[in-house]
Structure formats: C-alpha cells, structure tokens
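Peer 1: Okay, handing you the structure first.
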Amino acid sequence: MVLATQPVHTISDMGEDICEKAKFSGLVRIENSGEVSGRHRVLLFARPIMPSERNPLNQLVGFQSVSLNSGERTKLEFIISPCENLGTATEDGLMVIEEGYKYLMLEDEEHPINIVI
C-alpha cells in the first residue's frame, strides 16, 4: 500500500504513450571560469519538496561530462523522462510516480517542476 499526499500512479499501468509524451528537456549553460582547461561532470538531481520515507532525499536524474578550455562556454541538454527518472519503488517493487512538485537541482541551483498525469 502506498501512502502519499499526492496522487500516485503505477508506471507500468500508464503505458508507453503517456510516458513518451511526458518527456521534457532542460538546457544548462556551463562555463569554465578557471585559468586551466578541464573536464567537468554535470550532475542533475531531483528532490521532493516534502521528503518522505518512500522518496529519496536526492535522486540522480542525469549526468554528462564536458571538456572546456579556459573561459569557454557551452550548453548541455538533459532529456528528462518522469517515468524513467522520477519514479520510486514501492515496498512491493512496483515503480510508481507521484504527482506534485519536485525540485530539479544542479549544483547550488534549484528549479521547481510540477508532475501532472
């Protein structure tokens, strides 16, 4: 049994079409402000607004690695699939997704998203 304050949906019951349509992208601007060229790992996390026993505090949504020369800038695109990247497992092992707000986090920045199915 799943206890939640927001509606919860079993991902396998939602179907591929709904999961495909729910995908969205996020663009991230990266700059090497240092004096040396280097490789930077960009980690995108999600966290629930209200942590619970079922939801992880931080959930890795995606990561990329980029090499930049000193002073160079670039943009990275993350494709986020709520069904694949924002779901959690119940005690019975079913993958579910909870509607409601979450934060997408990149380093010290947070951006709210609202999951509506």
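Chain labels A, B, ... are given in the sequence in which chains occur in the structure tokens; within each chain residues are numbered consecutively from 1, and ligands are likewise numbered from 1 in the order shown.
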Which residues are close to segment 113-116 of chain A, i.e. within 8 Å by only C-alpha atoms, leaving aside same-chain residues fewer than 3 positions away? Reply as a PyMOL selection string.
Peer 2: chain A and resi 82+98-104
Peer 1: Take the residues that were just selected and, keeping C-alpha atoms, output them as a PDB file, in the first residue's frame.
Peer 2:
```pdb
ATOM      1  CA  PRO A  82       9.407  11.351 -15.490  1.00  0.00           C
ATOM      2  CA  GLU A  98       3.816  10.692  -7.563  1.00  0.00           C
ATOM      3  CA  GLU A  99       2.142  13.816  -8.872  1.00  0.00           C
ATOM      4  CA  GLY A 100       3.108  17.160  -7.432  1.00  0.00           C
ATOM      5  CA  TYR A 101       6.084  19.445  -7.154  1.00  0.00           C
ATOM      6  CA  LYS A 102       9.724  18.436  -7.114  1.00  0.00           C
ATOM      7  CA  TYR A 103      12.905  20.418  -7.484  1.00  0.00           C
ATOM      8  CA  LEU A 104      15.478  19.798 -10.203  1.00  0.00           C
TER       9      LEU A 104
END
```
Peer 1: Fewer than 5 positions away in the same chain doesn't count, so skip those; otherwise give me all residues within 10 Å of Ile18 of chain A, counting only C-alpha atoms, as a short mmCIF file (atom, residue, chain, number, x, y, z; two decimals) with N, CA and C atoms, in the first residue's frame.
Peer 2:
```cif
data_model
loop_
_atom_site.label_atom_id
_atom_site.label_comp_id
_atom_site.auth_asym_id
_atom_site.auth_seq_id
_atom_site.Cartn_x
_atom_site.Cartn_y
_atom_site.Cartn_z
N ILE A 11 3.70 3.07 -12.86
CA ILE A 11 4.27 3.40 -14.17
C ILE A 11 3.89 2.36 -15.21
N ASP A 13 1.21 0.72 -15.50
CA ASP A 13 -0.19 0.91 -15.90
C ASP A 13 -0.40 2.14 -16.77
N LYS A 23 7.91 13.35 -21.46
CA LYS A 23 9.32 13.74 -21.51
C LYS A 23 9.45 15.24 -21.74
N CYS A 83 8.80 9.07 -16.14
CA CYS A 83 8.61 7.64 -15.89
C CYS A 83 9.93 6.93 -15.58
N ILE A 117 -0.27 14.06 -14.17
CA ILE A 117 -0.53 12.95 -15.10
C ILE A 117 -2.01 12.90 -15.40
#
```
Peer 1: Can you work out which one of A:His40, A:Glu31, A:Phe45, A:Ser81 has the shortest atom-to-atom distance to Pro112 of chain A, counting only C-alpha atoms?
Peer 2: A:Phe45
Peer 1: Could you please write out, as an NGL selection string, every residue of chain A that DSSP assigns to strand (DSSP E or B)?
Peer 2: :A and (8-10 or 24-31 or 38-48 or 59-68 or 73-80 or 88-89 or 95-98 or 100-106 or 109-115)
Peer 1: Keeping only C-alpha atoms, take the residues you just selected and write them out as a CSV table (one decimal), in the first residue's frame.
Peer 2:
```csv
chain,number,residue,atom,x,y,z
A,8,VAL,CA,0.4,8.1,-7.2
A,9,HIS,CA,0.4,6.2,-10.5
A,10,THR,CA,1.9,2.8,-11.2
A,24,PHE,CA,10.8,17.2,-21.4
A,25,SER,CA,14.2,18.8,-21.8
A,26,GLY,CA,16.3,21.2,-19.7
A,27,LEU,CA,19.1,23.3,-21.1
A,28,VAL,CA,22.1,24.1,-18.9
A,29,ARG,CA,24.8,26.7,-19.5
A,30,ILE,CA,28.3,25.7,-18.4
A,31,GLU,CA,31.3,28.0,-18.2
A,38,GLY,CA,39.4,20.9,-17.8
A,39,ARG,CA,36.7,18.3,-17.7
A,40,HIS,CA,33.6,19.0,-15.7
A,41,ARG,CA,30.9,16.5,-14.6
A,42,VAL,CA,27.4,17.9,-14.6
A,43,LEU,CA,25.0,16.1,-12.3
A,44,LEU,CA,21.3,16.8,-12.4
A,45,PHE,CA,19.3,15.7,-9.3
A,46,ALA,CA,15.6,15.8,-8.3
A,47,ARG,CA,14.3,16.1,-4.8
A,48,PRO,CA,10.8,16.1,-3.4
A,59,GLN,CA,17.6,11.2,-6.9
A,60,LEU,CA,20.1,11.3,-9.8
A,61,VAL,CA,18.2,12.2,-12.9
A,62,GLY,CA,21.1,12.5,-15.4
A,63,PHE,CA,24.7,13.3,-15.8
A,64,GLN,CA,27.1,14.5,-18.5
A,65,SER,CA,30.7,15.2,-18.8
A,66,VAL,CA,32.1,18.1,-20.8
A,67,SER,CA,35.6,19.4,-21.6
A,68,LEU,CA,36.1,23.1,-21.7
A,73,ARG,CA,31.1,28.3,-22.5
A,74,THR,CA,28.7,25.6,-23.8
A,75,LYS,CA,25.1,24.4,-23.3
A,76,LEU,CA,24.1,20.9,-22.4
A,77,GLU,CA,20.7,19.4,-22.9
A,78,PHE,CA,19.1,16.9,-20.5
A,79,ILE,CA,16.1,14.9,-21.7
A,80,ILE,CA,14.1,14.0,-18.6
A,88,THR,CA,10.3,5.4,-7.0
A,89,ALA,CA,9.8,1.8,-6.0
A,95,MET,CA,7.6,1.5,-9.9
A,96,VAL,CA,5.3,4.5,-9.2
A,97,ILE,CA,5.4,8.2,-9.9
A,98,GLU,CA,3.8,10.7,-7.6
A,100,GLY,CA,3.1,17.2,-7.4
A,101,TYR,CA,6.1,19.4,-7.2
A,102,LYS,CA,9.7,18.4,-7.1
A,103,TYR,CA,12.9,20.4,-7.5
A,104,LEU,CA,15.5,19.8,-10.2
A,105,MET,CA,18.9,20.6,-8.7
A,106,LEU,CA,22.1,21.4,-10.4
A,109,GLU,CA,20.5,26.0,-8.1
A,110,GLU,CA,17.0,24.5,-7.7
A,111,HIS,CA,14.1,24.8,-10.2
A,112,PRO,CA,10.6,23.6,-9.3
A,113,ILE,CA,8.7,21.3,-11.7
A,114,ASN,CA,5.1,20.1,-11.3
A,115,ILE,CA,4.3,16.5,-12.3
```
Peer 1: Identify all residues of chain A in helix (DSSP H, G or I) (DSSP on the backbone) and supply them as a PyMOL selection string.
Peer 2: chain A and resi 11-14+16-21+82-85
Peer 1: Measure the distance from atom CA of Glu16 of chain A to atom CA of Leu86 of chain A in Å and round it to one decimal.
Peer 2: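 Distance between the two atoms: 15.2 Å.
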